[in-house]
Amino acid sequence: MAEEKPLDFTREITSRLGGETITHCYQCGTCASTCPVARITERYNPRQLIRLALLGQRDEVLKGDTIWLCASCYNCQERCPQKVEVADVIYALRNMAIQEGNIPAIYMEFASGLMGEGRLAPISKFLEKKRAEYGLPPLKPANIEALRKILAATGFDKIMFKKEGACP
Ligand code: SF4
Ligand code: SF4
C-alpha cells in the first residue's frame, strides 16, 4: 500500500461533514486557551490536535484517546478568529475513527443501550422516583423498532458491533 501523505489525510478530513474548515487554522491557540478540558488536563489541547491532523499523523489522531476527550461545549468554535469549526472537526475525526473500528468502550455501552432499549442509559428506579418527586410524568418507552430501522439504514449497527461480531 502506498504511503499516505499529510495532504491525503487533510483532504480526507475536509471532505467530511464538519471537517471542511480545518485548513483555516493558523495555530493561534485561542481554542486551547478557552477549552475547559485543556484547563484540567495536559492530555488534551485542541490546537495540538488540529496540528497533528494537518501534519498527517493519522494513527496518532484516529487511534489515540484524545479526540474522545472533547466535551463538545463549542467554546473554541465561538472564539476561533479563523472560523475553524473546531468541535465539528473533532466530530468528523470521531466519525472516521469509528468507521475504522476505533471505538472507546463507553461508546460501545451507549450503542448497546441505544440498540437494546432505545436509550443511551437505562431508566433506573432512582430516576423514576426523582421524576415523580419533581412532579414530572414517567418517561414513555422508546420506539425501539423505529429506532433500530433508522440505525440500520445509517449502517450504525454494523459499524458499532463489527468489532465484537455481535449485536446486543
Ligand atoms: S483558535 Fe482557530 S486558528 Fe486558532 S489554533 Fe484554534 S482552531 Fe486554529
Ligand atoms: S468543544 Fe471541545 S475542544 Fe472546543 S472548547 Fe469545548 S471541549 Fe474544548
# chains A, B, ... in the order shown; residues from 1 in each chain; ligands from 1
>>> residues_around(residues="A:Val61", least_positions_apart="6", cutoff="9 Å", atoms="only C-alpha atoms", output="ChimeraX atom specification")
/A:49,52-53,67,93,97
>>> write_last_selection(atoms="N, CA, C and O atoms", output="PDB file, in the first residue's frame")
ATOM      1  N   LEU A  49      -4.159  19.052  18.605  1.00  0.00           N
ATOM      2  CA  LEU A  49      -4.881  18.007  17.883  1.00  0.00           C
ATOM      3  C   LEU A  49      -5.022  18.381  16.401  1.00  0.00           C
ATOM      4  O   LEU A  49      -4.785  17.571  15.499  1.00  0.00           O
ATOM      5  N   LEU A  52      -1.618  18.075  14.670  1.00  0.00           N
ATOM      6  CA  LEU A  52      -1.296  16.673  14.369  1.00  0.00           C
ATOM      7  C   LEU A  52      -2.050  16.190  13.135  1.00  0.00           C
ATOM      8  O   LEU A  52      -1.495  15.520  12.272  1.00  0.00           O
ATOM      9  N   ALA A  53      -3.327  16.571  13.071  1.00  0.00           N
ATOM     10  CA  ALA A  53      -4.139  16.147  11.928  1.00  0.00           C
ATOM     11  C   ALA A  53      -3.595  16.757  10.632  1.00  0.00           C
ATOM     12  O   ALA A  53      -3.449  16.069   9.620  1.00  0.00           O
ATOM     13  N   ILE A  67      -9.210  12.519  20.820  1.00  0.00           N
ATOM     14  CA  ILE A  67     -10.429  13.055  20.180  1.00  0.00           C
ATOM     15  C   ILE A  67     -11.678  12.805  21.025  1.00  0.00           C
ATOM     16  O   ILE A  67     -12.678  13.489  20.879  1.00  0.00           O
ATOM     17  N   LEU A  93     -13.517  13.744  12.945  1.00  0.00           N
ATOM     18  CA  LEU A  93     -12.428  12.809  13.283  1.00  0.00           C
ATOM     19  C   LEU A  93     -12.984  11.590  14.041  1.00  0.00           C
ATOM     20  O   LEU A  93     -12.561  10.458  13.812  1.00  0.00           O
ATOM     21  N   ALA A  97     -12.745   7.685  13.043  1.00  0.00           N
ATOM     22  CA  ALA A  97     -12.203   6.672  13.958  1.00  0.00           C
ATOM     23  C   ALA A  97     -13.192   5.523  14.128  1.00  0.00           C
ATOM     24  O   ALA A  97     -12.820   4.344  14.084  1.00  0.00           O
TER      25      ALA A  97
END
>>> residues_around(residues="stretch 103-109 of chain A", least_positions_apart="5", cutoff="9 Å", atoms="only C-alpha atoms", output="MDAnalysis selection string")
chainID A and resid 63 65 68 94 97:98 114 120:121 160:161
>>> closest_residue(among="A:His24, A:Lys158, A:Lys129, A:Lys83", to="A:Arg51", atoms="only C-alpha atoms")
A:His24
>>> closest_atom_pairs(of="chain A", to="ligand 2", cutoff="10 Å", atoms="only C-alpha atoms and all ligand atoms", output="CSV")
residue,atom,partner,partner_atom_place_in_ligand_line,distance
A:Thr30,CA,ligand 2,5 (S),9.5
A:Cys31,CA,ligand 2,5 (S),6.1
A:Ala32,CA,ligand 2,8 (Fe),6.9
A:Ser33,CA,ligand 2,5 (S),8.4
A:Thr34,CA,ligand 2,5 (S),5.8
A:Cys35,CA,ligand 2,5 (S),3.6
A:Pro36,CA,ligand 2,8 (Fe),5.8
A:Val37,CA,ligand 2,7 (S),5.3
A:Ala38,CA,ligand 2,8 (Fe),6.6
A:Arg39,CA,ligand 2,8 (Fe),9.0
A:Tyr44,CA,ligand 2,8 (Fe),8.3
A:Asn45,CA,ligand 2,3 (S),7.2
A:Pro46,CA,ligand 2,3 (S),5.0
A:Arg47,CA,ligand 2,3 (S),8.3
A:Leu49,CA,ligand 2,3 (S),9.1
A:Ile50,CA,ligand 2,3 (S),10.0
A:Ile67,CA,ligand 2,2 (Fe),8.8
A:Trp68,CA,ligand 2,2 (Fe),9.2
A:Leu69,CA,ligand 2,7 (S),7.2
A:Cys70,CA,ligand 2,2 (Fe),3.8
A:Ala71,CA,ligand 2,7 (S),4.0
A:Ser72,CA,ligand 2,1 (S),3.8
A:Cys73,CA,ligand 2,6 (Fe),3.9
A:Tyr74,CA,ligand 2,1 (S),3.9
A:Asn75,CA,ligand 2,5 (S),4.3
A:Cys76,CA,ligand 2,5 (S),4.2
A:Gln77,CA,ligand 2,4 (Fe),6.3
A:Glu78,CA,ligand 2,4 (Fe),8.8
A:Arg79,CA,ligand 2,5 (S),9.1
A:Cys80,CA,ligand 2,4 (Fe),9.7
A:Glu85,CA,ligand 2,4 (Fe),8.9
A:Val86,CA,ligand 2,4 (Fe),6.1
A:Ala87,CA,ligand 2,1 (S),4.5
A:Asp88,CA,ligand 2,1 (S),8.1
A:Val89,CA,ligand 2,3 (S),9.5
A:Ile90,CA,ligand 2,2 (Fe),7.7
A:Tyr91,CA,ligand 2,2 (Fe),9.6
>>> closest_residue(among="A:Gly113, A:Gly29, A:Gly19, A:Gly118", to="ligand 1", atoms="only C-alpha atoms and all ligand atoms")
A:Gly29
>>> atom_distance(atom1="atom CA of A:Met115", atom2="atom CA of A:Gly155")
12.4 Å
>>> residues_around(residues="stretch 138-141 of chain A", least_positions_apart="2", cutoff="9 Å", atoms="only C-alpha atoms", output="ChimeraX atom specification")
/A:117-118,123,128,131-132,136,143-144
>>> write_last_selection(atoms="C-alpha atoms", output="compact mmCIF listing (two decimals), in the first residue's frame")
# COMPACT_ATOMS: atom_id res chain seq x y z
CA GLU A 117 -33.57 -0.17 24.96
CA GLY A 118 -33.71 2.84 22.70
CA ILE A 123 -34.25 4.38 33.13
CA GLU A 128 -38.28 7.36 38.09
CA ARG A 131 -39.10 12.50 38.37
CA ALA A 132 -42.17 11.71 40.48
CA LEU A 136 -42.64 15.10 36.16
CA ASN A 143 -40.00 3.23 19.96
CA ILE A 144 -37.19 0.71 19.63
>>> closest_residue(among="A:Gln99, A:Ser124, A:Gly116, A:Ile22", to="ligand 1", atoms="only C-alpha atoms and all ligand atoms")
A:Ile22
>>> atom_distance(atom1="atom CA of A:Leu147", atom2="atom CA of A:Phe110")
14.1 Å
